[in-house]
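*Asks:* Following this line is coords36.txt, made up of compact mmCIF, N, CA and C atoms:
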# COMPACT_ATOMS: atom_id res chain seq x y z
N MET A 1 -43.13 -58.98 -56.48
CA MET A 1 -43.29 -60.37 -56.08
C MET A 1 -44.01 -61.14 -57.18
N GLU A 2 -43.55 -62.32 -57.41
CA GLU A 2 -44.16 -63.23 -58.38
C GLU A 2 -45.61 -63.50 -57.97
N GLN A 3 -46.53 -63.44 -58.92
CA GLN A 3 -47.94 -63.61 -58.62
C GLN A 3 -48.51 -64.96 -59.05
N SER A 4 -47.68 -65.84 -59.59
CA SER A 4 -48.18 -67.14 -60.07
C SER A 4 -48.68 -68.02 -58.92
N TRP A 5 -48.30 -67.70 -57.70
CA TRP A 5 -48.75 -68.49 -56.55
C TRP A 5 -50.26 -68.55 -56.46
N LYS A 6 -50.93 -67.52 -56.97
CA LYS A 6 -52.39 -67.46 -56.90
C LYS A 6 -53.04 -68.63 -57.65
N ASN A 7 -52.31 -69.20 -58.59
CA ASN A 7 -52.83 -70.31 -59.38
C ASN A 7 -52.44 -71.68 -58.83
N ASP A 8 -51.80 -71.68 -57.68
CA ASP A 8 -51.37 -72.95 -57.09
C ASP A 8 -52.61 -73.77 -56.75
N PRO A 9 -52.71 -74.98 -57.28
CA PRO A 9 -53.92 -75.79 -57.05
C PRO A 9 -54.15 -76.15 -55.59
N ARG A 10 -53.11 -76.11 -54.77
CA ARG A 10 -53.27 -76.43 -53.35
C ARG A 10 -54.09 -75.39 -52.60
N LEU A 11 -54.24 -74.22 -53.21
CA LEU A 11 -55.00 -73.14 -52.56
C LEU A 11 -56.51 -73.20 -52.83
N LYS A 12 -56.91 -74.05 -53.75
CA LYS A 12 -58.32 -74.09 -54.15
C LYS A 12 -59.27 -74.49 -53.03
N THR A 13 -58.78 -75.18 -52.03
CA THR A 13 -59.66 -75.60 -50.94
C THR A 13 -59.70 -74.60 -49.79
N MET A 14 -58.90 -73.55 -49.89
CA MET A 14 -58.84 -72.56 -48.81
C MET A 14 -60.07 -71.64 -48.86
N GLU A 15 -60.51 -71.25 -47.68
CA GLU A 15 -61.66 -70.35 -47.55
C GLU A 15 -61.40 -69.05 -48.34
N PRO A 16 -62.38 -68.58 -49.12
CA PRO A 16 -62.19 -67.38 -49.95
C PRO A 16 -61.74 -66.14 -49.17
N ARG A 17 -62.24 -65.95 -47.95
CA ARG A 17 -61.81 -64.77 -47.17
C ARG A 17 -60.32 -64.84 -46.85
N LYS A 18 -59.83 -66.03 -46.62
CA LYS A 18 -58.40 -66.20 -46.35
C LYS A 18 -57.59 -65.90 -47.61
N LEU A 19 -58.08 -66.39 -48.74
CA LEU A 19 -57.38 -66.11 -50.01
C LEU A 19 -57.37 -64.62 -50.31
N ASP A 20 -58.48 -63.95 -50.06
CA ASP A 20 -58.53 -62.50 -50.28
C ASP A 20 -57.48 -61.78 -49.43
N LEU A 21 -57.35 -62.19 -48.17
CA LEU A 21 -56.36 -61.59 -47.29
C LEU A 21 -54.95 -61.86 -47.81
N LEU A 22 -54.72 -63.05 -48.31
CA LEU A 22 -53.40 -63.39 -48.85
C LEU A 22 -53.06 -62.57 -50.10
N ILE A 23 -54.05 -62.32 -50.93
CA ILE A 23 -53.82 -61.52 -52.14
C ILE A 23 -53.47 -60.09 -51.75
N LEU A 24 -54.20 -59.52 -50.80
CA LEU A 24 -53.88 -58.17 -50.32
C LEU A 24 -52.47 -58.15 -49.72
N PHE A 25 -52.16 -59.18 -48.97
CA PHE A 25 -50.86 -59.29 -48.34
C PHE A 25 -49.74 -59.37 -49.39
N SER A 26 -49.94 -60.18 -50.40
CA SER A 26 -48.89 -60.31 -51.43
C SER A 26 -48.69 -59.00 -52.18
N ASN A 27 -49.76 -58.26 -52.38
CA ASN A 27 -49.64 -56.95 -53.04
C ASN A 27 -48.83 -56.00 -52.17
N ARG A 28 -49.04 -56.06 -50.85
CA ARG A 28 -48.26 -55.23 -49.92
C ARG A 28 -46.80 -55.65 -49.92
N LEU A 29 -46.56 -56.96 -49.93
CA LEU A 29 -45.18 -57.45 -49.92
C LEU A 29 -44.40 -56.95 -51.14
N ALA A 30 -45.08 -56.84 -52.26
CA ALA A 30 -44.41 -56.40 -53.49
C ALA A 30 -43.87 -54.98 -53.33
N LYS A 31 -44.45 -54.20 -52.44
CA LYS A 31 -44.05 -52.81 -52.25
C LYS A 31 -43.20 -52.60 -51.00
N THR A 32 -42.96 -53.67 -50.26
CA THR A 32 -42.25 -53.58 -48.98
C THR A 32 -40.75 -53.75 -49.19
N PRO A 33 -39.95 -52.86 -48.59
CA PRO A 33 -38.50 -53.03 -48.68
C PRO A 33 -38.08 -54.37 -48.06
N LYS A 34 -37.06 -54.97 -48.63
CA LYS A 34 -36.62 -56.30 -48.23
C LYS A 34 -36.39 -56.41 -46.73
N GLY A 35 -35.83 -55.41 -46.12
CA GLY A 35 -35.54 -55.45 -44.70
C GLY A 35 -36.77 -55.45 -43.80
N GLN A 36 -37.93 -55.18 -44.36
CA GLN A 36 -39.16 -55.11 -43.57
C GLN A 36 -40.12 -56.26 -43.85
N LEU A 37 -39.70 -57.23 -44.64
CA LEU A 37 -40.58 -58.33 -45.03
C LEU A 37 -41.06 -59.16 -43.84
N LEU A 38 -40.16 -59.46 -42.94
CA LEU A 38 -40.56 -60.30 -41.80
C LEU A 38 -41.62 -59.61 -40.95
N GLY A 39 -41.50 -58.31 -40.80
CA GLY A 39 -42.51 -57.56 -40.06
C GLY A 39 -43.88 -57.66 -40.71
N GLU A 40 -43.89 -57.71 -42.02
CA GLU A 40 -45.16 -57.84 -42.74
C GLU A 40 -45.82 -59.19 -42.48
N PHE A 41 -45.01 -60.24 -42.33
CA PHE A 41 -45.58 -61.55 -42.00
C PHE A 41 -46.23 -61.51 -40.62
N VAL A 42 -45.62 -60.82 -39.69
CA VAL A 42 -46.21 -60.66 -38.36
C VAL A 42 -47.52 -59.87 -38.48
N ASN A 43 -47.52 -58.83 -39.28
CA ASN A 43 -48.73 -58.02 -39.48
C ASN A 43 -49.86 -58.85 -40.10
N LEU A 44 -49.51 -59.78 -41.00
CA LEU A 44 -50.53 -60.64 -41.59
C LEU A 44 -51.24 -61.44 -40.51
N ASN A 45 -50.47 -61.97 -39.60
CA ASN A 45 -51.05 -62.76 -38.50
C ASN A 45 -51.99 -61.90 -37.67
N ILE A 46 -51.59 -60.69 -37.38
CA ILE A 46 -52.43 -59.77 -36.58
C ILE A 46 -53.71 -59.43 -37.34
N GLU A 47 -53.57 -59.13 -38.62
CA GLU A 47 -54.75 -58.80 -39.44
C GLU A 47 -55.73 -59.97 -39.49
N ALA A 48 -55.20 -61.15 -39.67
CA ALA A 48 -56.07 -62.34 -39.73
C ALA A 48 -56.84 -62.48 -38.42
N GLN A 49 -56.15 -62.32 -37.30
CA GLN A 49 -56.81 -62.43 -36.00
C GLN A 49 -57.89 -61.37 -35.84
N ASN A 50 -57.59 -60.15 -36.27
CA ASN A 50 -58.56 -59.06 -36.18
C ASN A 50 -59.80 -59.32 -37.02
N LYS A 51 -59.66 -60.10 -38.10
CA LYS A 51 -60.78 -60.42 -38.97
C LYS A 51 -61.44 -61.74 -38.60
N GLY A 52 -60.98 -62.33 -37.49
CA GLY A 52 -61.56 -63.58 -37.04
C GLY A 52 -61.13 -64.78 -37.88
N LEU A 53 -60.03 -64.65 -38.59
CA LEU A 53 -59.53 -65.74 -39.41
C LEU A 53 -58.38 -66.42 -38.71
N GLN A 54 -58.41 -67.73 -38.74
CA GLN A 54 -57.32 -68.49 -38.15
C GLN A 54 -56.87 -69.53 -39.16
N PHE A 55 -55.60 -69.44 -39.53
CA PHE A 55 -55.05 -70.39 -40.48
C PHE A 55 -54.61 -71.64 -39.73
N THR A 56 -54.92 -72.81 -40.30
CA THR A 56 -54.47 -74.06 -39.71
C THR A 56 -52.95 -74.17 -39.88
N ASP A 57 -52.35 -75.08 -39.15
CA ASP A 57 -50.91 -75.30 -39.30
C ASP A 57 -50.58 -75.70 -40.73
N GLN A 58 -51.42 -76.52 -41.32
CA GLN A 58 -51.20 -76.96 -42.71
C GLN A 58 -51.30 -75.77 -43.67
N GLU A 59 -52.30 -74.91 -43.47
CA GLU A 59 -52.45 -73.73 -44.33
C GLU A 59 -51.25 -72.80 -44.16
N THR A 60 -50.82 -72.60 -42.93
CA THR A 60 -49.68 -71.72 -42.67
C THR A 60 -48.42 -72.25 -43.35
N ALA A 61 -48.20 -73.55 -43.25
CA ALA A 61 -47.03 -74.14 -43.89
C ALA A 61 -47.10 -73.97 -45.40
N LEU A 62 -48.26 -74.18 -45.97
CA LEU A 62 -48.43 -74.03 -47.42
C LEU A 62 -48.22 -72.59 -47.85
N ILE A 63 -48.83 -71.66 -47.14
CA ILE A 63 -48.70 -70.24 -47.47
C ILE A 63 -47.24 -69.81 -47.38
N THR A 64 -46.60 -70.22 -46.31
CA THR A 64 -45.20 -69.86 -46.12
C THR A 64 -44.35 -70.41 -47.25
N GLU A 65 -44.58 -71.65 -47.59
CA GLU A 65 -43.82 -72.27 -48.68
C GLU A 65 -44.02 -71.52 -49.99
N ILE A 66 -45.25 -71.21 -50.30
CA ILE A 66 -45.56 -70.55 -51.57
C ILE A 66 -45.02 -69.11 -51.61
N LEU A 67 -45.27 -68.36 -50.54
CA LEU A 67 -44.93 -66.94 -50.55
C LEU A 67 -43.45 -66.64 -50.29
N THR A 68 -42.74 -67.61 -49.75
CA THR A 68 -41.33 -67.34 -49.45
C THR A 68 -40.36 -68.02 -50.41
N GLU A 69 -40.87 -68.59 -51.46
CA GLU A 69 -39.99 -69.27 -52.41
C GLU A 69 -38.86 -68.39 -52.91
N SER A 70 -39.13 -67.11 -53.05
CA SER A 70 -38.11 -66.21 -53.60
C SER A 70 -37.22 -65.58 -52.53
N LEU A 71 -37.50 -65.84 -51.24
CA LEU A 71 -36.68 -65.26 -50.18
C LEU A 71 -35.36 -66.02 -50.04
N PRO A 72 -34.31 -65.32 -49.64
CA PRO A 72 -33.05 -66.02 -49.35
C PRO A 72 -33.24 -66.97 -48.15
N ASP A 73 -32.42 -68.00 -48.09
CA ASP A 73 -32.52 -68.98 -47.00
C ASP A 73 -32.44 -68.33 -45.63
N SER A 74 -31.61 -67.33 -45.48
CA SER A 74 -31.47 -66.69 -44.16
C SER A 74 -32.79 -66.05 -43.73
N ASP A 75 -33.51 -65.43 -44.65
CA ASP A 75 -34.80 -64.83 -44.31
C ASP A 75 -35.85 -65.91 -44.01
N ARG A 76 -35.80 -67.02 -44.76
CA ARG A 76 -36.73 -68.11 -44.49
C ARG A 76 -36.50 -68.69 -43.09
N LYS A 77 -35.25 -68.80 -42.70
CA LYS A 77 -34.94 -69.31 -41.36
C LYS A 77 -35.46 -68.37 -40.28
N LYS A 78 -35.33 -67.07 -40.52
CA LYS A 78 -35.86 -66.09 -39.56
C LYS A 78 -37.37 -66.22 -39.45
N LEU A 79 -38.01 -66.40 -40.58
CA LEU A 79 -39.47 -66.55 -40.59
C LEU A 79 -39.88 -67.82 -39.85
N ASP A 80 -39.16 -68.91 -40.05
CA ASP A 80 -39.45 -70.15 -39.32
C ASP A 80 -39.33 -69.94 -37.82
N THR A 81 -38.32 -69.19 -37.41
CA THR A 81 -38.13 -68.90 -35.99
C THR A 81 -39.31 -68.09 -35.46
N LEU A 82 -39.75 -67.11 -36.21
CA LEU A 82 -40.91 -66.31 -35.79
C LEU A 82 -42.17 -67.16 -35.69
N ARG A 83 -42.34 -68.08 -36.62
CA ARG A 83 -43.52 -68.96 -36.59
C ARG A 83 -43.50 -69.83 -35.34
N LEU A 84 -42.34 -70.40 -35.02
CA LEU A 84 -42.23 -71.23 -33.82
C LEU A 84 -42.51 -70.42 -32.56
N LEU A 85 -41.97 -69.22 -32.50
CA LEU A 85 -42.20 -68.35 -31.35
C LEU A 85 -43.69 -68.00 -31.25
N SER A 86 -44.30 -67.70 -32.36
CA SER A 86 -45.72 -67.37 -32.38
C SER A 86 -46.56 -68.54 -31.87
N LYS A 87 -46.22 -69.75 -32.30
CA LYS A 87 -46.95 -70.94 -31.82
C LYS A 87 -46.81 -71.09 -30.31
N LYS A 88 -45.60 -70.92 -29.82
CA LYS A 88 -45.38 -71.05 -28.38
C LYS A 88 -46.15 -70.01 -27.60
N LEU A 89 -46.16 -68.79 -28.11
CA LEU A 89 -46.89 -67.71 -27.42
C LEU A 89 -48.39 -67.96 -27.45
N SER A 90 -48.91 -68.46 -28.55
CA SER A 90 -50.35 -68.69 -28.67
C SER A 90 -50.80 -69.82 -27.75
N ARG A 91 -49.93 -70.77 -27.49
CA ARG A 91 -50.26 -71.86 -26.57
C ARG A 91 -50.32 -71.40 -25.13
N GLN A 92 -49.57 -70.34 -24.82
CA GLN A 92 -49.54 -69.83 -23.44
C GLN A 92 -50.79 -69.03 -23.12
N ASN A 93 -51.50 -68.56 -24.13
CA ASN A 93 -52.69 -67.72 -23.90
C ASN A 93 -53.92 -68.55 -23.70
Would you write the structure of this file as structure tokens?

*Replies:*
Amino acid sequence: MEQSWKNDPRLKTMEPRKLDLLILFSNRLAKTPKGQLLGEFVNLNIEAQNKGLQFTDQETALITEILTESLPDSDRKKLDTLRLLSKKLSRQN
């Protein structure tokens, strides 16, 4: 996975613990088979919750945009669907 995203100026305002989690996540994504990438995004959400981190909608949109730039459109659409489902489920709790 391309690592230049770490230098994106839009990330400079993000909490350092969140950035650390994203760096670990991107390193894992680099080693993950293509067919399992979406599952890793779900795992990121679970890990963040377990660490008491909650990404804002704006942060989530930015992260998704940056980290999925190299994904095919079909995978990006699947990820968008998962994000919408996740939002709906979190509102029900």

*Asks:* Go ahead and compute the interatomic distance for atom C of A:Lys87 and atom CA of A:Leu11, in Å to one decimal.

*Replies:*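 Atom-to-atom, atom C of A:Lys87 to atom CA of A:Leu11, that is 23.8 Å.
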
*Asks:* Could you check which of A:Leu24, A:Ala48, A:Met14, A:Val42 is closest to A:Thr81, using only C-alpha atoms?

*Replies:* A:Val42

*Asks:* Just the residues within 10 Å of A:Lys18, please, counting only C-alpha atoms, with nothing from its chain fewer than 4 positions along; format it as number ranges by chain.

*Replies:* A: 11, 14, 22-23, 48, 51, 53-55, 59

*Asks:* Between A:Leu38, A:Leu21, A:Pro16, A:Trp5, which one has atoms that come closest to A:Ser74, using only C-alpha atoms?

*Replies:*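 Checking each candidate against A:Ser74, we get A:Leu38 as the closest.
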
*Asks:* Please measure the separation of atom CA of A:Thr13 and atom CA of A:Arg83, giving the value in Å to one decimal.

*Replies:*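 Separation of atom CA of A:Thr13 and atom CA of A:Arg83: 22.6 Å.
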
*Asks:* Got a sec: who's within 12 Å of stretch 30-36 of chain A, counting only C-alpha atoms, leaving out chain neighbours fewer than 3 positions off, as a list in words?

*Replies:*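 Near stretch 30-36 of chain A, the qualifying residues are Met1, Glu2, Gln3, Ile23, Leu24, Phe25, Ser26, Asn27, Gly39, Glu40, Phe41, Val42, Asn43, Leu67, Ser70, Leu71, Pro72, Ser74, Asp75, Lys78 and Leu79 of chain A.
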
*Asks:* Using DSSP secondary structure from the backbone, list all alpha helix (DSSP H) positions within chain A, as a PyMOL selection string.

*Replies:* chain A and resi 16-31+37-50+57-67+73-92

*Asks:* How many Å lie between atom N of A:Pro9 and atom C of A:Leu85, rounded to one decimal?

*Replies:*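 Distance between the two atoms: 28.4 Å.
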
*Asks:* Considering only C-alpha atoms, state which residue in the set A:Glu47, A:Asp57, A:Glu65, A:Asp8 is at the smallest distance from A:Leu84.

*Replies:*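 Answer, going by the shortest atom-to-atom distance: A:Asp57.
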
*Asks:* So which one's closest to A:Leu62, A:Glu15, A:Ser4, A:Asn50, A:Arg10? Using all atoms listed in the file, please.

*Replies:* A:Arg10
